[in-house]
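Coordinates as given in model-v4.txt (compact mmCIF, C-alpha atoms and all ligand atoms):
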# COMPACT_ATOMS: atom_id res chain seq x y z
CA MET Y 1 84.83 49.92 49.30
CA SER Y 2 82.24 51.62 51.48
CA ALA Y 3 81.91 55.34 50.89
CA GLU Y 4 79.73 56.12 53.88
CA LEU Y 5 81.89 59.13 54.79
CA GLU Y 6 81.97 60.57 51.29
CA ASN Y 7 81.92 64.39 51.33
CA ARG Y 8 82.77 64.34 55.05
CA VAL Y 9 85.89 65.92 56.50
CA ALA Y 10 87.48 64.24 59.52
CA VAL Y 11 90.31 65.33 61.80
CA VAL Y 12 92.27 62.71 63.75
CA THR Y 13 94.78 63.95 66.33
CA GLY Y 14 97.80 61.85 67.27
CA ALA Y 15 97.46 60.17 63.88
CA GLY Y 16 101.18 59.81 63.11
CA LYS Y 17 101.20 56.20 64.32
CA GLY Y 18 99.35 53.62 66.39
CA LEU Y 19 95.58 53.83 66.79
CA GLY Y 20 95.41 57.30 65.25
CA ARG Y 21 97.05 56.13 62.04
CA ALA Y 22 94.66 53.17 61.82
CA ILE Y 23 91.66 55.43 62.46
CA ALA Y 24 92.78 57.95 59.82
CA THR Y 25 93.28 55.09 57.36
CA ARG Y 26 89.85 53.57 58.08
CA LEU Y 27 88.02 56.91 57.79
CA ALA Y 28 89.82 57.67 54.52
CA GLY Y 29 88.87 54.18 53.29
CA ALA Y 30 85.24 55.07 54.00
CA GLY Y 31 85.54 58.11 51.73
CA ALA Y 32 86.33 60.90 54.20
CA THR Y 33 88.79 63.67 53.50
CA VAL Y 34 91.09 63.15 56.47
CA VAL Y 35 93.24 65.70 58.24
CA VAL Y 36 96.10 63.74 59.76
CA SER Y 37 97.30 65.69 62.76
CA ASP Y 38 100.14 64.97 65.17
CA ILE Y 39 102.69 66.79 67.31
CA ASP Y 40 105.23 64.99 65.11
CA ALA Y 41 104.88 66.87 61.81
CA ASP Y 42 106.97 64.38 59.79
CA ALA Y 43 104.92 61.41 61.00
CA ALA Y 44 101.67 63.21 60.16
CA GLN Y 45 102.99 64.06 56.70
CA ALA Y 46 104.04 60.46 56.01
CA VAL Y 47 100.60 59.12 56.98
CA ALA Y 48 98.80 61.80 54.96
CA GLU Y 49 100.87 60.94 51.89
CA SER Y 50 99.72 57.32 52.19
CA LEU Y 51 96.01 58.23 52.11
CA PRO Y 52 94.01 59.51 49.14
CA GLY Y 53 93.04 63.18 49.54
CA ALA Y 54 94.44 63.47 53.06
CA VAL Y 55 96.29 66.51 54.36
CA ALA Y 56 98.69 66.84 57.29
CA ILE Y 57 98.43 69.59 59.89
CA ALA Y 58 100.83 69.51 62.84
CA CYS Y 59 99.29 70.28 66.23
CA ASP Y 60 100.22 69.87 69.87
CA VAL Y 61 96.83 69.27 71.50
CA ARG Y 62 98.08 70.79 74.78
CA SER Y 63 98.09 74.21 73.11
CA GLU Y 64 94.72 75.96 72.76
CA GLU Y 65 96.19 78.21 70.08
CA GLN Y 66 97.33 75.22 68.01
CA VAL Y 67 94.05 73.34 68.40
CA ALA Y 68 92.09 76.43 67.34
CA ALA Y 69 94.42 76.81 64.34
CA LEU Y 70 93.98 73.11 63.45
CA VAL Y 71 90.22 73.56 63.18
CA GLU Y 72 90.55 76.87 61.34
CA ARG Y 73 93.01 75.46 58.79
CA THR Y 74 90.88 72.34 58.31
CA VAL Y 75 87.87 74.46 57.36
CA GLU Y 76 90.02 76.69 55.12
CA GLN Y 77 91.75 73.80 53.32
CA CYS Y 78 88.98 71.19 53.25
CA GLY Y 79 85.85 73.36 53.26
CA ALA Y 80 84.25 72.10 56.48
CA LEU Y 81 84.64 69.83 59.51
CA HIS Y 82 82.20 66.99 60.22
CA VAL Y 83 84.09 64.43 62.31
CA MET Y 84 86.61 65.04 65.10
CA VAL Y 85 88.58 62.20 66.70
CA PRO Y 86 90.69 63.56 69.58
CA ASN Y 87 92.92 60.50 69.76
CA ALA Y 88 96.31 61.93 70.85
CA GLY Y 89 97.46 60.37 74.10
CA VAL Y 90 100.57 59.55 76.10
CA GLY Y 91 101.50 57.39 79.06
CA ALA Y 92 104.47 57.27 81.42
CA PRO Y 93 104.16 54.55 84.09
CA LEU Y 94 104.85 55.70 87.64
CA PRO Y 95 103.36 54.84 91.02
CA LEU Y 96 101.38 57.74 92.51
CA VAL Y 97 103.87 58.37 95.30
CA ALA Y 98 106.70 58.79 92.78
CA MET Y 99 104.58 60.98 90.50
CA ASP Y 100 105.27 64.67 91.01
CA LEU Y 101 102.82 67.27 89.77
CA ALA Y 102 104.78 67.81 86.56
CA ALA Y 103 104.60 64.09 85.71
CA TRP Y 104 100.86 64.08 86.47
CA ARG Y 105 100.34 67.07 84.20
CA ASP Y 106 102.54 65.64 81.40
CA VAL Y 107 99.88 62.98 80.93
CA THR Y 108 96.65 64.77 81.91
CA SER Y 109 97.45 67.82 79.74
CA VAL Y 110 97.49 65.64 76.61
CA ASN Y 111 94.94 62.98 77.55
CA LEU Y 112 92.28 65.20 79.15
CA ASP Y 113 93.02 68.89 78.45
CA GLY Y 114 93.78 68.00 74.82
CA VAL Y 115 90.40 66.29 74.43
CA PHE Y 116 88.58 69.21 76.05
CA LEU Y 117 90.31 71.67 73.71
CA SER Y 118 89.57 69.49 70.68
CA VAL Y 119 85.88 69.25 71.57
CA ARG Y 120 85.60 72.95 72.43
CA HIS Y 121 87.12 74.11 69.14
CA ALA Y 122 85.73 71.42 66.82
CA ALA Y 123 82.12 71.66 67.97
CA PRO Y 124 81.32 75.13 66.53
CA ALA Y 125 82.83 74.13 63.17
CA ILE Y 126 80.84 70.87 63.09
CA ILE Y 127 77.66 72.77 63.95
CA ALA Y 128 78.45 75.25 61.15
CA ALA Y 129 78.78 72.29 58.75
CA GLY Y 130 75.25 71.14 59.64
CA GLY Y 131 76.16 68.53 62.24
CA GLY Y 132 78.42 65.52 62.60
CA SER Y 133 80.22 63.38 65.10
CA ILE Y 134 82.93 63.53 67.74
CA VAL Y 135 84.49 60.22 68.79
CA THR Y 136 86.70 60.25 71.87
CA ILE Y 137 89.18 57.53 72.83
CA GLY Y 138 88.65 56.40 76.38
CA SER Y 139 90.18 53.24 77.85
CA ILE Y 140 89.08 50.40 80.11
CA THR Y 141 91.22 52.12 82.76
CA ALA Y 142 88.52 54.81 82.87
CA THR Y 143 86.37 52.35 84.81
CA THR Y 144 88.94 50.27 86.67
CA GLY Y 145 92.02 52.26 87.61
CA SER Y 146 95.38 50.51 87.31
CA PRO Y 147 98.73 50.46 89.09
CA LEU Y 148 101.35 52.81 87.59
CA ILE Y 149 98.97 54.80 85.44
CA GLY Y 150 96.91 56.81 87.91
CA HIS Y 151 97.29 59.96 85.81
CA TYR Y 152 96.31 58.12 82.62
CA ALA Y 153 93.32 56.34 84.17
CA ALA Y 154 92.02 59.51 85.84
CA ALA Y 155 92.35 61.40 82.56
CA LYS Y 156 90.47 58.65 80.70
CA ALA Y 157 87.70 58.68 83.32
CA GLY Y 158 87.53 62.41 82.65
CA VAL Y 159 87.32 61.81 78.91
CA VAL Y 160 84.40 59.40 79.29
CA ASN Y 161 82.56 61.85 81.54
CA LEU Y 162 83.36 64.83 79.29
CA THR Y 163 81.97 62.84 76.36
CA LYS Y 164 78.59 62.60 78.09
CA THR Y 165 78.41 66.32 78.88
CA ALA Y 166 79.42 67.17 75.32
CA ALA Y 167 76.77 64.76 74.00
CA ALA Y 168 74.09 66.43 76.12
CA GLU Y 169 75.12 69.98 75.22
CA LEU Y 170 75.60 69.33 71.51
CA ARG Y 171 72.62 67.05 70.85
CA PRO Y 172 70.28 69.96 70.00
CA HIS Y 173 72.85 71.10 67.42
CA GLY Y 174 73.12 67.80 65.53
CA VAL Y 175 76.50 66.78 66.92
CA ARG Y 176 76.76 63.27 68.35
CA VAL Y 177 79.55 62.53 70.84
CA ASN Y 178 80.51 58.95 71.72
CA THR Y 179 83.52 57.14 73.14
CA VAL Y 180 85.36 53.87 72.59
CA LEU Y 181 87.07 52.18 75.53
CA PRO Y 182 89.80 49.85 74.28
CA GLY Y 183 91.66 47.35 76.40
CA PHE Y 184 95.33 46.75 75.62
CA VAL Y 185 96.22 47.21 71.96
CA ASP Y 186 99.71 46.44 70.70
CA THR Y 187 101.10 49.91 69.96
CA ASP Y 188 104.24 51.78 71.03
CA LEU Y 189 102.29 53.16 74.00
CA VAL Y 190 101.89 49.67 75.42
CA THR Y 191 105.23 48.24 74.26
CA SER Y 192 107.14 51.02 76.02
CA ALA Y 193 105.19 50.53 79.27
CA ARG Y 194 105.53 46.73 79.37
CA PRO Y 195 108.86 46.50 81.31
CA ALA Y 196 107.62 48.92 84.00
CA PHE Y 197 104.44 46.86 84.48
CA GLU Y 198 106.46 43.63 84.68
CA GLN Y 199 108.76 45.12 87.31
CA ALA Y 200 105.91 46.58 89.38
CA LEU Y 201 103.84 43.39 89.24
CA GLY Y 202 106.82 41.12 89.93
CA LEU Y 203 106.45 39.39 86.56
CA PRO Y 204 109.29 37.84 84.55
CA ALA Y 205 110.13 39.28 81.13
CA GLY Y 206 107.22 38.40 78.85
CA GLY Y 207 104.93 37.94 81.85
CA PHE Y 208 102.83 40.95 80.93
CA ASP Y 209 101.90 39.35 77.61
CA GLU Y 210 100.73 36.29 79.52
CA VAL Y 211 98.49 38.44 81.73
CA ILE Y 212 97.03 40.04 78.61
CA ALA Y 213 96.46 36.63 77.00
CA GLN Y 214 94.66 35.47 80.15
CA LYS Y 215 92.51 38.59 80.60
CA GLN Y 216 91.82 39.65 77.00
CA GLY Y 217 92.60 36.51 74.96
CA ARG Y 218 95.11 38.57 72.97
CA TYR Y 219 96.10 42.14 72.26
CA GLY Y 220 93.54 44.13 70.28
CA THR Y 221 94.56 45.51 66.93
CA PRO Y 222 94.48 49.18 65.91
CA ASP Y 223 92.17 48.20 63.02
CA GLU Y 224 89.59 46.81 65.45
CA VAL Y 225 89.50 50.13 67.32
CA ALA Y 226 89.35 52.03 64.01
CA GLU Y 227 86.30 50.02 62.96
CA ALA Y 228 84.48 51.06 66.15
CA VAL Y 229 85.46 54.70 65.58
CA LEU Y 230 84.06 54.48 62.03
CA PHE Y 231 80.79 53.14 63.46
CA PHE Y 232 80.42 56.21 65.68
CA ALA Y 233 81.66 58.57 62.95
CA SER Y 234 79.11 57.32 60.44
CA GLU Y 235 75.32 57.40 60.24
CA ARG Y 236 75.24 53.71 61.17
CA SER Y 237 75.26 54.99 64.77
CA ALA Y 238 72.70 57.76 64.12
CA TRP Y 239 70.77 56.99 67.33
CA CYS Y 240 73.90 56.85 69.55
CA THR Y 241 75.12 59.79 71.52
CA GLY Y 242 76.79 59.77 74.93
CA SER Y 243 77.45 56.05 74.34
CA GLU Y 244 80.43 53.94 75.40
CA LEU Y 245 81.72 50.96 73.44
CA VAL Y 246 84.15 48.68 75.29
CA LEU Y 247 86.56 46.66 73.10
CA ASP Y 248 88.66 44.46 75.36
CA GLY Y 249 88.13 40.75 74.70
CA GLY Y 250 86.11 40.55 77.91
CA PHE Y 251 88.77 41.96 80.30
CA VAL Y 252 86.56 44.23 82.44
CA GLY Y 253 83.42 42.12 82.11
CA SER Y 254 84.65 39.25 84.26
CA LEU Y 255 85.90 39.01 87.84
CA LEU Y 256 87.96 35.88 87.11
N1 LIG Y 301 97.33 51.21 72.87
C1 LIG Y 301 96.41 50.93 73.74
O1 LIG Y 301 96.38 49.83 74.33
C2 LIG Y 301 95.33 51.92 74.08
C3 LIG Y 301 94.24 51.48 74.86
C4 LIG Y 301 93.24 52.37 75.17
C5 LIG Y 301 93.30 53.67 74.72
N2 LIG Y 301 94.37 54.08 73.98
C6 LIG Y 301 94.40 55.46 73.56
O2 LIG Y 301 94.53 55.54 72.15
C7 LIG Y 301 95.16 56.75 71.82
C8 LIG Y 301 96.34 56.46 70.90
O3 LIG Y 301 97.25 55.63 71.60
P1 LIG Y 301 98.34 54.72 70.85
O4 LIG Y 301 98.39 53.44 71.57
O5 LIG Y 301 98.10 54.75 69.40
O6 LIG Y 301 99.67 55.53 71.21
P2 LIG Y 301 101.00 55.78 70.33
O7 LIG Y 301 102.04 56.16 71.32
O8 LIG Y 301 101.24 54.65 69.43
O9 LIG Y 301 100.62 57.05 69.42
C9 LIG Y 301 100.28 58.28 70.01
C10 LIG Y 301 100.40 59.40 68.98
O10 LIG Y 301 100.03 60.63 69.63
C11 LIG Y 301 100.97 61.62 69.31
N3 LIG Y 301 101.04 62.65 70.36
C12 LIG Y 301 101.62 62.55 71.58
N4 LIG Y 301 101.51 63.71 72.25
C13 LIG Y 301 100.81 64.55 71.44
C14 LIG Y 301 100.37 65.90 71.56
N5 LIG Y 301 100.65 66.62 72.67
N6 LIG Y 301 99.68 66.46 70.55
C15 LIG Y 301 99.42 65.74 69.42
N7 LIG Y 301 99.83 64.47 69.24
C16 LIG Y 301 100.51 63.88 70.24
C17 LIG Y 301 102.29 60.87 69.15
O11 LIG Y 301 103.24 61.63 68.40
C18 LIG Y 301 101.82 59.59 68.47
O12 LIG Y 301 101.82 59.72 67.06
C19 LIG Y 301 95.55 57.42 73.13
O13 LIG Y 301 94.57 58.35 73.51
C20 LIG Y 301 95.58 56.26 74.08
O14 LIG Y 301 95.38 56.65 75.41
C21 LIG Y 301 95.38 53.23 73.64
Written as structure tokens, that's how I'd like the structure from this file.
Ligand SMILES: NC(=O)c1ccc[n+]([C@@H]2O[C@H](COP(=O)([O-])OP(=O)(O)OC[C@H]3O[C@@H](n4cnc5c(N)ncnc54)[C@H](O)[C@@H]3O)[C@@H](O)[C@H]2O)c1
Amino acid sequence: MSAELENRVAVVTGAGKGLGRAIATRLAGAGATVVVSDIDADAAQAVAESLPGAVAIACDVRSEEQVAALVERTVEQCGALHVMVPNAGVGAPLPLVAMDLAAWRDVTSVNLDGVFLSVRHAAPAIIAAGGGSIVTIGSITATTGSPLIGHYAAAKAGVVNLTKTAAAELRPHGVRVNTVLPGFVDTDLVTSARPAFEQALGLPAGGFDEVIAQKQGRYGTPDEVAEAVLFFASERSAWCTGSELVLDGGFVGSLL
């Protein structure tokens, strides 16, 4: 087993399931002490118990107080912070005209504000530890837009842009900031949105899976995204900062 993150402490938000759980598991497998964080305290605890040396700290990334406390408790309990993965995200499909401001903010407050707060509070701790890495989770929708998820896509475009500013500002301090842009990965986020997409696109039941098969070849797996996050978290990507890595089976790279 690779131990390239030995003696490194990593926080993953939204790590109670889905991509976050896979990322926490991969970073722990590479030797990191992982703080498994989630708004769902029980889910975070269950994942932490499955990983050697991991601890669980509940946090709602929409709350600046809770994000600040997450970083503070990480440093207290684990001694330092080197890697931050602000992964927590939500989606709730709605066309723009049916999306009131509250629905817009339900998504952007987690998917964009939560990333800003995570970067803002993690960066000083990572600098204090002598440098490290922040890996944000974008999405191919950051570059394309998509029906029903205008709030989500706009937030992800914001995340990708925020990543570049953070990379520029933190480069002199030894903190690299990069982003992964996954296509559709089979998690609860996607499963729950599938019927709304099928209805909006006039597809029969199961039709969404066929679109994915045509555009991406197949759904991505959480482990594939976790591997890319490990690349950016580790010194293998020492010369990367402000970079974007698309993982989508070729979806956005081809017109037809
Ligand atoms: N699944 C995909 O196809 C896909 C594609 C591109 C990007 N992403 C991104 O990956 C990330 C994880 O998505 P997923 O598919 O694993 O979703 P998921 O729904 O499976 O898991 C999301 C996790 O985030 C937690 N969470 C929700 N609100 C939170 C909050 N306010 N504070 C802290 N935790 C919170 C949930 O409890 C859950 O454990 C998100 O940022 C998502 O936008 C997912």
*Among the residues Y:Gln66, Y:Thr13, Y:Ser133, Y:Thr25, the one that comes closest to Gly53 (chain Y) [using all atoms listed in the file]*: Y:Thr25
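Of the residues under consideration (Y:Ala102, Y:Leu94, Y:Leu181, Y:Ala125), Y:Leu94 shows the shortest atom-to-atom contact distance to Ala196 (chain Y) when counting all atoms listed in the file.
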*Arg62 (chain Y) environment, 7 Å, all atoms listed in the file, sequence neighbours closer than 6 positions dropped, as a list of chain:residue names*: Y:Ser109, Y:Val110, Y:Asp113, Y:Gly114
*asked:* Counting only C-alpha atoms, which residue out of Y:Ala69, Y:Leu230, Y:Val107, Y:Cys59 sits closest to Gln45 (chain Y)?
replied: Y:Cys59
_Expected answer as a ChimeraX atom specification: residues within 6 Å of ligand LIG 301 (chain Y), all atoms listed in the file_ = /Y:13-20,38-40,59-62,87-90,110,137-139,182-190
*Between CA of Arg8 (chain Y) and CA of Val175 (chain Y), what is the spacing in Å?*
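Separation of CA of Val175 (chain Y) and CA of Arg8 (chain Y): 13.6 Å.
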Excluding Glu4 (chain Y) and its own-chain neighbours fewer than 3 positions away, which residues fall within 8 Å of it when counting all atoms listed in the file? Please give them as a PDB file with C-alpha atoms, in the frame of the given file.
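Below is the file part_21.pdb, written as the result:
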ATOM      1  CA  ALA Y  30      85.240  55.070  54.000  1.00  0.00           C
ATOM      2  CA  GLY Y  31      85.540  58.110  51.730  1.00  0.00           C
ATOM      3  CA  SER Y 234      79.110  57.320  60.440  1.00  0.00           C
ATOM      4  CA  GLU Y 235      75.320  57.400  60.240  1.00  0.00           C
TER       5      GLU Y 235
END
*If you measure from CA of Thr108 (chain Y) to CA of Pro95 (chain Y), what distance in Å do you get, rounded to one decimal?*
15.1 Å
*Please measure the separation of CA of Thr33 (chain Y) and CA of Ala54 (chain Y), giving the value in Å to one decimal.*
5.7 Å
_Env of Ser243 (chain Y): 9 Å cut, atoms = all atoms listed in the file, seq-sep filter 3 positions within chain, self excluded. Answer as a VMD selection string._
chain Y and resid 163 to 164 167 177 to 180 240
_Quick one: residues within 6 Å of Ile134 (chain Y), only C-alpha atoms, excluding same-chain residues fewer than 3 positions away - as a PyMOL selection string?_
chain Y and resi 83-85+177
*Could you tell me which of Y:Val135, Y:Leu70, Y:Val12, Y:Val211 comes closest to Phe232 (chain Y) if we count only C-alpha atoms?*
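Once distances to Phe232 (chain Y) are computed over only C-alpha atoms, the minimum belongs to Y:Val135.
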*Among listed residues Y:Ala28, Y:Ala155, Y:Ala205, Y:Leu51, nearest Ala233 (chain Y) (using all atoms listed in the file)*: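 Selected residue with least distance to Ala233 (chain Y): Y:Ala28.
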*Which is closer to Ala10 (chain Y) than all the others in Y:Ser118, Y:Ser254, Y:Thr74, Y:Thr136, using all atoms listed in the file?*
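Closest residue, counting all atoms listed in the file: Y:Thr74.
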When you look at Arg171 (chain Y) with a cut-off of 10 Å (counting only C-alpha atoms), what residues show up, excluding the ones that are within fewer than 5 positions of it in the same chain? I need them as an mmCIF file with C-alpha atoms, in the frame of the given file.
data_model
loop_
_atom_site.group_PDB
_atom_site.id
_atom_site.type_symbol
_atom_site.label_atom_id
_atom_site.label_comp_id
_atom_site.auth_asym_id
_atom_site.auth_seq_id
_atom_site.Cartn_x
_atom_site.Cartn_y
_atom_site.Cartn_z
ATOM 1 C CA GLY Y 131 76.160 68.530 62.240
ATOM 2 C CA THR Y 165 78.410 66.320 78.880
ATOM 3 C CA ALA Y 166 79.420 67.170 75.320
ATOM 4 C CA ARG Y 176 76.760 63.270 68.350
ATOM 5 C CA VAL Y 177 79.550 62.530 70.840
ATOM 6 C CA THR Y 241 75.120 59.790 71.520
ATOM 7 C CA GLY Y 242 76.790 59.770 74.930
#
